[in-house]
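Report on the structure given below.
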Amino acid sequence: MTTPQHPEDFLRFMRMRSAQENGIFWVDDQRLGVFEPEAARHVSATNWHRFVMHDRLVDMVRRRRSPEMRWSRIRSAWLTQLHTLATAEHHGRLIERMERIMDARVGQDVDLTMLTQEVTLRSLLPVALTGLTSGEAELVRRDLEMKLLRLVSPEPGSTWHHLRFIGVQIRSGLVVRRVLRQRARGRRRREADLADPFVDLLPELGMDRALDVVTAVLTAIGGPPGTAAASLLYEFVRHPEWQQRLGEELSGVDPAEFRAAPTRVAPVTHRFVKEVLRMWSPPLLLVRRSKFAFDLGATRLEPGQWYLLSPHMIHRDERIWKQPDVFDPDRFLPGAPHGPADRTCYVPFGWAPKKCIGANLGTVQLMALCHLLCTRYRLEVARPENITMALRFAPVPENFRGRLTLR
Ligand code: HEM
């Protein structure tokens, strides 16, 4: 059987094969699809257990061996910092940044997919890296926006565009190096961002690995949060009945309480966000290389072979979810018959021990977007029937133009 090339056909083909072969099958000669929830959990847990970050290139050039750095240490530095940022005050600042960007577009006819990507990326950037000069911030933003455009655009860019992209990427990397170096030498203020813990780890980590770590966060905020926000807007526009339910809930909540604990004070909105993330989980496919041998029933995965994971495939599997293609946030009500059977079936943020570190913050941001759409702005979409969902690296709404006005 030949594998279709077009992303939408490819995913349809994968869903069909997955249903026939219990979620585990060779997608092509190179890659094993592991779309059965328990197998995906098991392979991830084993593959990344005690994962160590090496500095291979520099070690080879300098003929040395850098100190080992467990990935779990990197993650724990991120998670500790994110914990200090999970306050009403920091959430309030995130929401203000989102508001400023949206306010600047009020009254304009805009591409709503691009607008939501801009809002999420720009408002999250200070969480990842802050205290930059305006020139530095502009360069880092341009790098992330170019990366994102390459992921969402259907057209491959020209050679000239590719060269410019590499140039911007190198210069943005130099900014990160400079920031870390200057913070370490006391020439720049220390900041409460996700880069800062690695200033103290620099002697052990080395600059190249520190750059990789900061780049990992920057790349992570530049992709999934923006496409998730665009998908949220897509479902918001398509479901006036949910707009009304969210509006009723959110107009009644105290803004200070919402900033402190949105999931507690706005459970309907939380369900809406969860359902958006079930239907349209970005990224659609995660490509991984196995370090171990796995016996997966009908087939084996050997060390060095590639495998694919996909929250999307699990979330749309009819063997796991009732009517998986129907948008219904109430499936997340406790005990709902069409809800998740267990925790392995709902994985919008991936799998331990590589699970997304920004799951809580990402959820807060999507709920904040709902809050803004229901309390501060009115959204007009000229032709909702024209919007389509393209499946690229992630689901991306297309033909999605509209206008925000202030309420
Ligand atoms: C709705 C928003 C978001 C979604 C849907 C999302 C989704 C994901 C997914 C699916 C993964 C891969 C997990 C795996 O390999 O098993 C991931 C990894 C990651 N995400 Fe997110 N993410 C979101 C927001 C964020 C935010 C706001 C941050 C930063 C503050 C962040 C930082 C990261 C990082 C650093 C990783 C890599 C973790 C590691 O390699 O150990 N994400 N995310």
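By convention in this document, the chains of the structure tokens carry letters A, B, ... by their order, each chain's residues are numbered from 1, and ligands are numbered from 1 in the order they are shown.
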How close does stretch 54-156 of chain A get to stretch 220-239 of chain A? List, as a tab-separated table, each residue of stretch 54-156 of chain A within 7 Å, its nearest atom pair and the distance in Å to one decimal, counting only C-alpha atoms.
residue	atom	partner	partner_atom	distance
A:Thr113	CA	A:Ala230	CA	5.1
A:Thr116	CA	A:Ala230	CA	5.6
A:Gln117	CA	A:Gly226	CA	4.0
A:Thr120	CA	A:Gly226	CA	5.4
A:Leu121	CA	A:Gly222	CA	5.6
A:Leu124	CA	A:Ile221	CA	6.8
A:Leu144	CA	A:Gly222	CA	5.7
A:Leu148	CA	A:Gly223	CA	6.2
Save out the residues we just selected, all heavy atoms, as a JSON list (two decimals), in the first residue's frame.
[["chain", "number", "residue", "atom", "x", "y", "z"],
["A", 113, "THR", "N", -5.80, 33.65, 12.00],
["A", 113, "THR", "CA", -4.81, 32.63, 12.36],
["A", 113, "THR", "C", -3.48, 33.31, 12.68],
["A", 113, "THR", "O", -2.85, 33.02, 13.70],
["A", 113, "THR", "CB", -4.63, 31.62, 11.21],
["A", 113, "THR", "OG1", -5.87, 30.93, 11.05],
["A", 113, "THR", "CG2", -3.54, 30.61, 11.47],
["A", 116, "THR", "N", -3.70, 35.29, 16.08],
["A", 116, "THR", "CA", -3.60, 34.50, 17.33],
["A", 116, "THR", "C", -2.17, 33.99, 17.54],
["A", 116, "THR", "O", -1.70, 33.92, 18.67],
["A", 116, "THR", "CB", -4.56, 33.29, 17.34],
["A", 116, "THR", "OG1", -4.56, 32.70, 16.05],
["A", 116, "THR", "CG2", -5.95, 33.67, 17.72],
["A", 117, "GLN", "N", -1.49, 33.65, 16.44],
["A", 117, "GLN", "CA", -0.10, 33.19, 16.59],
["A", 117, "GLN", "C", 0.75, 34.32, 17.14],
["A", 117, "GLN", "O", 1.60, 34.11, 18.00],
["A", 117, "GLN", "CB", 0.48, 32.78, 15.23],
["A", 117, "GLN", "CG", -0.44, 31.92, 14.43],
["A", 117, "GLN", "CD", 0.07, 30.52, 14.24],
["A", 117, "GLN", "OE1", 1.03, 30.13, 14.85],
["A", 117, "GLN", "NE2", -0.57, 29.76, 13.40],
["A", 120, "THR", "N", -0.07, 34.93, 20.93],
["A", 120, "THR", "CA", 0.47, 33.93, 21.86],
["A", 120, "THR", "C", 2.00, 34.03, 21.91],
["A", 120, "THR", "O", 2.58, 34.08, 22.99],
["A", 120, "THR", "CB", 0.07, 32.50, 21.46],
["A", 120, "THR", "OG1", 0.21, 32.37, 20.07],
["A", 120, "THR", "CG2", -1.32, 32.16, 21.83],
["A", 121, "LEU", "N", 2.62, 34.08, 20.76],
["A", 121, "LEU", "CA", 4.08, 34.08, 20.73],
["A", 121, "LEU", "C", 4.65, 35.31, 21.43],
["A", 121, "LEU", "O", 5.51, 35.21, 22.32],
["A", 121, "LEU", "CB", 4.56, 34.01, 19.27],
["A", 121, "LEU", "CG", 6.06, 34.17, 19.06],
["A", 121, "LEU", "CD1", 6.83, 33.12, 19.84],
["A", 121, "LEU", "CD2", 6.41, 34.07, 17.59],
["A", 124, "LEU", "N", 4.10, 35.30, 25.19],
["A", 124, "LEU", "CA", 4.85, 34.27, 25.93],
["A", 124, "LEU", "C", 6.36, 34.55, 25.95],
["A", 124, "LEU", "O", 7.07, 34.06, 26.84],
["A", 124, "LEU", "CB", 4.62, 32.88, 25.32],
["A", 124, "LEU", "CG", 3.31, 32.17, 25.64],
["A", 124, "LEU", "CD1", 3.19, 30.89, 24.83],
["A", 124, "LEU", "CD2", 3.22, 31.84, 27.13],
["A", 144, "LEU", "N", 11.69, 33.37, 15.53],
["A", 144, "LEU", "CA", 10.58, 32.47, 15.87],
["A", 144, "LEU", "C", 9.46, 32.57, 14.85],
["A", 144, "LEU", "O", 8.85, 31.57, 14.46],
["A", 144, "LEU", "CB", 10.05, 32.78, 17.27],
["A", 144, "LEU", "CG", 11.04, 32.53, 18.41],
["A", 144, "LEU", "CD1", 10.44, 32.90, 19.74],
["A", 144, "LEU", "CD2", 11.45, 31.06, 18.42],
["A", 148, "LEU", "N", 8.03, 29.59, 12.50],
["A", 148, "LEU", "CA", 6.61, 29.24, 12.49],
["A", 148, "LEU", "C", 6.04, 29.30, 11.07],
["A", 148, "LEU", "O", 5.33, 28.39, 10.63],
["A", 148, "LEU", "CB", 5.85, 30.21, 13.40],
["A", 148, "LEU", "CG", 4.37, 29.93, 13.55],
["A", 148, "LEU", "CD1", 4.16, 28.61, 14.28],
["A", 148, "LEU", "CD2", 3.68, 31.04, 14.32]]
Counting only C-alpha atoms and all ligand atoms, name the residues that have an atom within 7 Å of an atom of ligand 1; the answer should be given as a short mmCIF file (atom, residue, chain, number, x, y, z; two decimals) with C-alpha atoms, in the first residue's frame.
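Output below, filename selection.cif:
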data_model
loop_
_atom_site.label_atom_id
_atom_site.label_comp_id
_atom_site.auth_asym_id
_atom_site.auth_seq_id
_atom_site.Cartn_x
_atom_site.Cartn_y
_atom_site.Cartn_z
CA ARG A 75 13.24 20.00 33.31
CA LEU A 124 4.85 34.27 25.93
CA VAL A 127 8.32 34.11 30.02
CA ALA A 128 11.07 32.38 28.04
CA ALA A 216 14.14 24.36 23.04
CA VAL A 217 11.82 26.63 25.05
CA ALA A 220 8.23 25.26 22.00
CA ILE A 221 6.47 28.60 22.60
CA PRO A 224 1.95 24.65 19.57
CA PRO A 225 0.55 27.55 21.66
CA ALA A 228 -3.82 25.82 19.57
CA LEU A 277 -6.90 20.54 22.51
CA SER A 281 -3.71 18.80 19.25
CA PRO A 282 -0.53 20.33 17.93
CA PRO A 283 1.90 19.01 16.72
CA LEU A 286 6.16 13.61 17.04
CA PRO A 348 -2.50 16.95 24.42
CA PHE A 349 0.78 17.74 26.17
CA GLY A 350 2.55 14.49 25.35
CA TRP A 351 4.07 11.87 27.57
CA ALA A 352 6.28 11.73 30.66
CA PRO A 353 9.18 12.17 31.07
CA LYS A 354 9.20 14.53 28.04
CA LYS A 355 5.74 15.90 28.67
CA CYS A 356 5.23 19.59 27.94
CA ILE A 357 6.49 21.74 30.81
CA GLY A 358 4.13 24.58 29.80
CA ALA A 359 0.85 22.62 30.03
CA LEU A 361 0.62 28.06 31.39
CA GLY A 362 -0.64 27.06 27.92
CA THR A 363 -4.05 26.27 29.41
CA LEU A 366 -6.06 29.74 26.11
#
Next on the checklist: Just the number, please: distance in Å from atom CA of A:Ser153 to atom CA of A:Leu32, one decimal.
Outcome noted: 26.5 Å
Checklist entry - In Å, with one decimal, what is the gap from atom CA of A:Glu68 to atom CA of A:Leu129? => result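 Calculated distance between atom CA of A:Glu68 and atom CA of A:Leu129 is 25.0 Å.
The smallest atom-to-atom distance between A:Arg376 and any of A:Arg343, A:Arg41, A:Arg288, A:Arg100, using only C-alpha atoms, is found for A:Arg100.
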Checklist entry - Could you pull out the strand (DSSP E or B) residues of stretch 16-198 of chain A from DSSP and send them as a ChimeraX atom specification? => result /A:24-26,31-34,52-53,69-70,109-111
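Atom to atom, atom CA of A:Val253 and atom CA of A:Val265 stand 6.8 Å apart.
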Item to check | Nearest residue to A:Glu145 from the set A:Trp48, A:Phe13, A:Phe165, A:Trp160 (distances using only C-alpha atoms) | outcome: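 Of A:Trp48, A:Phe13, A:Phe165, A:Trp160, the one nearest A:Glu145 is A:Phe165, counting only C-alpha atoms.
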Checklist entry - What lies within 10 Å of A:Asp212 using only C-alpha atoms, ignoring chain neighbours under 3 positions off, as an MDAnalysis selection string? => result chainID A and resid 53 55 173 176 207:209 215:218
Those selected residues, please, written with all heavy atoms and delivered as a PDB file, in the first residue's frame.
ATOM      1  N   MET A  53      21.919  14.770  28.442  1.00  0.00           N
ATOM      2  CA  MET A  53      22.202  15.728  27.374  1.00  0.00           C
ATOM      3  C   MET A  53      23.708  15.780  27.172  1.00  0.00           C
ATOM      4  O   MET A  53      24.456  16.110  28.102  1.00  0.00           O
ATOM      5  CB  MET A  53      21.695  17.085  27.843  1.00  0.00           C
ATOM      6  CG  MET A  53      21.533  18.060  26.753  1.00  0.00           C
ATOM      7  SD  MET A  53      21.090  19.665  27.449  1.00  0.00           S
ATOM      8  CE  MET A  53      20.872  20.549  25.924  1.00  0.00           C
ATOM      9  N   ASP A  55      27.305  16.971  24.920  1.00  0.00           N
ATOM     10  CA  ASP A  55      27.822  18.136  24.202  1.00  0.00           C
ATOM     11  C   ASP A  55      28.769  17.569  23.139  1.00  0.00           C
ATOM     12  O   ASP A  55      29.946  17.896  23.108  1.00  0.00           O
ATOM     13  CB  ASP A  55      28.584  19.024  25.200  1.00  0.00           C
ATOM     14  CG  ASP A  55      28.596  20.474  24.768  1.00  0.00           C
ATOM     15  OD1 ASP A  55      28.095  20.749  23.676  1.00  0.00           O
ATOM     16  OD2 ASP A  55      29.111  21.305  25.520  1.00  0.00           O
ATOM     17  N   GLY A 173      20.659  33.246  17.934  1.00  0.00           N
ATOM     18  CA  GLY A 173      21.463  32.398  18.840  1.00  0.00           C
ATOM     19  C   GLY A 173      22.549  33.225  19.521  1.00  0.00           C
ATOM     20  O   GLY A 173      22.830  33.032  20.713  1.00  0.00           O
ATOM     21  N   VAL A 176      21.080  35.091  22.438  1.00  0.00           N
ATOM     22  CA  VAL A 176      20.877  34.249  23.622  1.00  0.00           C
ATOM     23  C   VAL A 176      22.214  34.032  24.342  1.00  0.00           C
ATOM     24  O   VAL A 176      22.313  34.166  25.575  1.00  0.00           O
ATOM     25  CB  VAL A 176      20.245  32.890  23.228  1.00  0.00           C
ATOM     26  CG1 VAL A 176      20.171  31.965  24.425  1.00  0.00           C
ATOM     27  CG2 VAL A 176      18.857  33.099  22.632  1.00  0.00           C
ATOM     28  N   MET A 207      28.235  26.705  27.251  1.00  0.00           N
ATOM     29  CA  MET A 207      27.376  27.634  26.518  1.00  0.00           C
ATOM     30  C   MET A 207      26.562  26.943  25.423  1.00  0.00           C
ATOM     31  O   MET A 207      25.406  27.299  25.180  1.00  0.00           O
ATOM     32  CB  MET A 207      28.244  28.758  25.927  1.00  0.00           C
ATOM     33  CG  MET A 207      27.465  29.855  25.302  1.00  0.00           C
ATOM     34  SD  MET A 207      26.213  30.562  26.408  1.00  0.00           S
ATOM     35  CE  MET A 207      27.127  31.889  27.170  1.00  0.00           C
ATOM     36  N   ASP A 208      27.145  25.918  24.758  1.00  0.00           N
ATOM     37  CA  ASP A 208      26.405  25.307  23.640  1.00  0.00           C
ATOM     38  C   ASP A 208      25.158  24.577  24.119  1.00  0.00           C
ATOM     39  O   ASP A 208      24.078  24.719  23.545  1.00  0.00           O
ATOM     40  CB  ASP A 208      27.302  24.333  22.871  1.00  0.00           C
ATOM     41  CG  ASP A 208      28.423  25.086  22.202  1.00  0.00           C
ATOM     42  OD1 ASP A 208      28.147  25.814  21.253  1.00  0.00           O
ATOM     43  OD2 ASP A 208      29.561  24.995  22.698  1.00  0.00           O
ATOM     44  N   ARG A 209      25.308  23.832  25.212  1.00  0.00           N
ATOM     45  CA  ARG A 209      24.127  23.128  25.718  1.00  0.00           C
ATOM     46  C   ARG A 209      23.129  24.117  26.312  1.00  0.00           C
ATOM     47  O   ARG A 209      21.924  23.930  26.200  1.00  0.00           O
ATOM     48  CB  ARG A 209      24.529  22.074  26.760  1.00  0.00           C
ATOM     49  CG  ARG A 209      25.093  20.826  26.103  1.00  0.00           C
ATOM     50  CD  ARG A 209      25.300  19.698  27.087  1.00  0.00           C
ATOM     51  NE  ARG A 209      26.305  20.000  28.090  1.00  0.00           N
ATOM     52  CZ  ARG A 209      26.754  19.130  28.988  1.00  0.00           C
ATOM     53  NH1 ARG A 209      26.271  17.898  29.003  1.00  0.00           N
ATOM     54  NH2 ARG A 209      27.671  19.463  29.872  1.00  0.00           N
ATOM     55  N   THR A 215      16.914  27.515  23.392  1.00  0.00           N
ATOM     56  CA  THR A 215      16.277  27.392  22.077  1.00  0.00           C
ATOM     57  C   THR A 215      15.097  26.412  22.129  1.00  0.00           C
ATOM     58  O   THR A 215      14.084  26.615  21.459  1.00  0.00           O
ATOM     59  CB  THR A 215      17.308  26.928  21.017  1.00  0.00           C
ATOM     60  OG1 THR A 215      18.420  27.812  21.079  1.00  0.00           O
ATOM     61  CG2 THR A 215      16.737  26.930  19.621  1.00  0.00           C
ATOM     62  N   ALA A 216      15.245  25.345  22.944  1.00  0.00           N
ATOM     63  CA  ALA A 216      14.144  24.364  23.043  1.00  0.00           C
ATOM     64  C   ALA A 216      12.879  25.056  23.547  1.00  0.00           C
ATOM     65  O   ALA A 216      11.784  24.821  23.027  1.00  0.00           O
ATOM     66  CB  ALA A 216      14.535  23.221  23.974  1.00  0.00           C
ATOM     67  N   VAL A 217      13.015  25.939  24.532  1.00  0.00           N
ATOM     68  CA  VAL A 217      11.821  26.627  25.052  1.00  0.00           C
ATOM     69  C   VAL A 217      11.292  27.620  24.021  1.00  0.00           C
ATOM     70  O   VAL A 217      10.079  27.699  23.781  1.00  0.00           O
ATOM     71  CB  VAL A 217      12.131  27.362  26.377  1.00  0.00           C
ATOM     72  CG1 VAL A 217      10.935  28.189  26.806  1.00  0.00           C
ATOM     73  CG2 VAL A 217      12.463  26.371  27.457  1.00  0.00           C
ATOM     74  N   LEU A 218      12.224  28.366  23.415  1.00  0.00           N
ATOM     75  CA  LEU A 218      11.764  29.357  22.427  1.00  0.00           C
ATOM     76  C   LEU A 218      11.009  28.668  21.292  1.00  0.00           C
ATOM     77  O   LEU A 218       9.945  29.125  20.857  1.00  0.00           O
ATOM     78  CB  LEU A 218      12.964  30.139  21.869  1.00  0.00           C
ATOM     79  CG  LEU A 218      13.625  31.117  22.854  1.00  0.00           C
ATOM     80  CD1 LEU A 218      14.906  31.694  22.269  1.00  0.00           C
ATOM     81  CD2 LEU A 218      12.667  32.250  23.219  1.00  0.00           C
TER      82      LEU A 218
END
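Of the listed residues A:Thr299, A:Thr219, A:Thr87, A:Ser66, the one whose atoms come nearest to A:Arg141 is A:Thr219, with distances taken using only C-alpha atoms.
Minimum atom-to-atom distances from A:Arg177, A:His161, A:Arg97, A:Arg73 to A:Phe51 were compared using only C-alpha atoms, and the lowest value belongs to A:Arg73.
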Next on the checklist: Which residues are close to A:Leu285, i.e. within 12 Å by only C-alpha atoms, leaving aside same-chain residues fewer than 3 positions away? Reply as a list of chain:residue names.
Outcome noted: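 Once the nearby chain positions are removed, what remains is A:Pro7, A:Phe10, A:Leu11, A:Met14, A:Arg31, A:Leu32, A:Gly33, A:Val34, A:Phe35, A:Pro224, A:Trp280, A:Ser281, A:Pro282, A:Arg288, A:Tyr307, A:Leu308, A:Leu309, A:Ser310, A:Pro311, A:His312, A:Met313, A:Ile314, A:Pro348, A:Gly350, A:Leu391, A:Arg392, A:Phe393, A:Ala394, A:Pro395.
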Kindly save the residues from that selection, with N, CA, C and O atoms included, as a compact mmCIF listing (two decimals), in the first residue's frame.
# COMPACT_ATOMS: atom_id res chain seq x y z
N PRO A 7 -0.85 15.94 3.46
CA PRO A 7 -1.02 15.72 4.91
C PRO A 7 -2.41 15.24 5.31
O PRO A 7 -2.54 14.34 6.14
N PHE A 10 -2.81 11.76 4.21
CA PHE A 10 -1.88 10.96 5.01
C PHE A 10 -2.51 10.61 6.36
O PHE A 10 -2.53 9.45 6.78
N LEU A 11 -3.11 11.62 7.00
CA LEU A 11 -3.71 11.36 8.32
C LEU A 11 -4.95 10.46 8.22
O LEU A 11 -5.17 9.60 9.06
N MET A 14 -3.68 7.09 7.86
CA MET A 14 -3.16 6.60 9.14
C MET A 14 -4.29 6.17 10.06
O MET A 14 -4.18 5.17 10.77
N ARG A 31 9.37 4.10 9.55
CA ARG A 31 8.77 4.62 10.78
C ARG A 31 7.61 3.78 11.29
O ARG A 31 6.68 3.48 10.53
N LEU A 32 7.70 3.45 12.58
CA LEU A 32 6.61 2.70 13.21
C LEU A 32 5.66 3.68 13.91
O LEU A 32 6.10 4.49 14.73
N GLY A 33 4.39 3.61 13.56
CA GLY A 33 3.39 4.45 14.25
C GLY A 33 3.01 3.76 15.56
O GLY A 33 2.63 2.59 15.56
N VAL A 34 3.17 4.48 16.68
CA VAL A 34 2.78 3.91 17.97
C VAL A 34 1.61 4.76 18.49
O VAL A 34 1.79 5.73 19.21
N PHE A 35 0.41 4.39 18.05
CA PHE A 35 -0.78 5.22 18.34
C PHE A 35 -1.73 4.52 19.30
O PHE A 35 -2.90 4.88 19.40
N PRO A 224 3.26 25.13 19.10
CA PRO A 224 1.95 24.65 19.57
C PRO A 224 1.03 25.71 20.19
O PRO A 224 -0.17 25.73 19.88
N TRP A 280 -7.80 19.24 18.15
CA TRP A 280 -6.79 19.86 17.27
C TRP A 280 -5.41 19.91 17.92
O TRP A 280 -4.75 20.94 17.88
N SER A 281 -5.01 18.80 18.54
CA SER A 281 -3.71 18.80 19.25
C SER A 281 -2.54 19.09 18.33
O SER A 281 -2.32 18.36 17.38
N PRO A 282 -1.77 20.14 18.66
CA PRO A 282 -0.53 20.33 17.93
C PRO A 282 0.64 19.75 18.74
O PRO A 282 0.53 19.73 19.96
N ARG A 288 10.37 10.30 16.80
CA ARG A 288 11.36 9.95 17.82
C ARG A 288 12.21 8.77 17.36
O ARG A 288 11.75 7.95 16.57
N TYR A 307 10.19 6.06 15.36
CA TYR A 307 8.77 5.82 15.62
C TYR A 307 8.04 7.15 15.68
O TYR A 307 8.64 8.20 15.88
N LEU A 308 6.72 7.08 15.48
CA LEU A 308 5.87 8.27 15.50
C LEU A 308 4.89 8.18 16.67
O LEU A 308 4.32 7.12 16.91
N LEU A 309 4.73 9.30 17.35
CA LEU A 309 3.68 9.40 18.37
C LEU A 309 2.72 10.48 17.91
O LEU A 309 3.11 11.37 17.15
N SER A 310 1.48 10.44 18.37
CA SER A 310 0.54 11.45 17.94
C SER A 310 -0.64 11.57 18.90
O SER A 310 -1.53 10.70 18.91
N PRO A 311 -0.68 12.65 19.69
CA PRO A 311 -1.88 12.88 20.49
C PRO A 311 -3.12 12.92 19.59
O PRO A 311 -4.16 12.36 19.94
N HIS A 312 -3.00 13.55 18.41
CA HIS A 312 -4.14 13.68 17.50
C HIS A 312 -4.72 12.30 17.14
O HIS A 312 -5.93 12.09 17.18
N MET A 313 -3.86 11.35 16.79
CA MET A 313 -4.33 10.03 16.39
C MET A 313 -5.06 9.34 17.55
O MET A 313 -6.06 8.66 17.35
N ILE A 314 -4.54 9.52 18.76
CA ILE A 314 -5.19 8.89 19.92
C ILE A 314 -6.52 9.58 20.22
O ILE A 314 -7.53 8.93 20.49
N PRO A 348 -2.82 15.80 25.27
CA PRO A 348 -2.50 16.95 24.42
C PRO A 348 -1.11 17.51 24.69
O PRO A 348 -0.55 18.22 23.85
N GLY A 350 1.55 15.52 25.53
CA GLY A 350 2.55 14.49 25.35
C GLY A 350 2.70 13.59 26.56
O GLY A 350 1.77 13.47 27.38
N LEU A 391 -4.22 20.58 7.66
CA LEU A 391 -3.37 19.81 8.57
C LEU A 391 -1.93 19.92 8.09
O LEU A 391 -1.55 19.32 7.08
N ARG A 392 -1.16 20.72 8.76
CA ARG A 392 0.27 20.86 8.41
C ARG A 392 1.07 20.24 9.54
O ARG A 392 0.75 19.17 9.99
N PHE A 393 2.10 20.93 10.08
CA PHE A 393 2.79 20.34 11.25
C PHE A 393 1.79 20.24 12.41
O PHE A 393 1.91 19.45 13.31
N ALA A 394 0.78 21.11 12.31
CA ALA A 394 -0.30 21.15 13.30
C ALA A 394 -1.55 21.54 12.54
O ALA A 394 -1.47 21.99 11.40
N PRO A 395 -2.73 21.44 13.15
CA PRO A 395 -3.93 21.94 12.47
C PRO A 395 -3.85 23.46 12.37
O PRO A 395 -3.52 24.13 13.36
Next on the checklist: Could you list, as a count of residues only, every residue within 7 Å of stretch 195-201 of chain A, counting only C-alpha atoms and ignoring same-chain residues fewer than 2 positions away?
Outcome noted: 15
Checklist entry - Excluding same-chain residues fewer than 3 positions from A:Asp328, what lies within 9 Å of it counting only C-alpha atoms, as a list in words? => result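 So, after excluding close chain neighbours, the residues are Arg271, Phe272, Glu275, Arg331 and Phe332 of chain A.
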Let's have the selection written as a PDB file, in the first residue's frame, with N, CA, C and O atoms.
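Final output, result-v3.pdb:
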ATOM      1  N   ARG A 271     -13.363  23.274  30.148  1.00  0.00           N
ATOM      2  CA  ARG A 271     -13.789  22.127  29.316  1.00  0.00           C
ATOM      3  C   ARG A 271     -13.679  22.469  27.831  1.00  0.00           C
ATOM      4  O   ARG A 271     -13.284  21.648  27.015  1.00  0.00           O
ATOM      5  N   PHE A 272     -14.055  23.710  27.500  1.00  0.00           N
ATOM      6  CA  PHE A 272     -13.986  24.155  26.100  1.00  0.00           C
ATOM      7  C   PHE A 272     -12.534  24.061  25.603  1.00  0.00           C
ATOM      8  O   PHE A 272     -12.257  23.520  24.528  1.00  0.00           O
ATOM      9  N   GLU A 275     -11.417  20.499  25.112  1.00  0.00           N
ATOM     10  CA  GLU A 275     -11.971  19.869  23.909  1.00  0.00           C
ATOM     11  C   GLU A 275     -11.272  20.383  22.648  1.00  0.00           C
ATOM     12  O   GLU A 275     -11.036  19.611  21.708  1.00  0.00           O
ATOM     13  N   ARG A 331     -17.953  16.402  27.129  1.00  0.00           N
ATOM     14  CA  ARG A 331     -17.419  15.052  27.318  1.00  0.00           C
ATOM     15  C   ARG A 331     -16.395  15.059  28.470  1.00  0.00           C
ATOM     16  O   ARG A 331     -16.010  14.013  28.957  1.00  0.00           O
ATOM     17  N   PHE A 332     -15.959  16.261  28.886  1.00  0.00           N
ATOM     18  CA  PHE A 332     -15.019  16.340  30.004  1.00  0.00           C
ATOM     19  C   PHE A 332     -15.720  16.541  31.353  1.00  0.00           C
ATOM     20  O   PHE A 332     -15.066  16.760  32.362  1.00  0.00           O
TER      21      PHE A 332
END
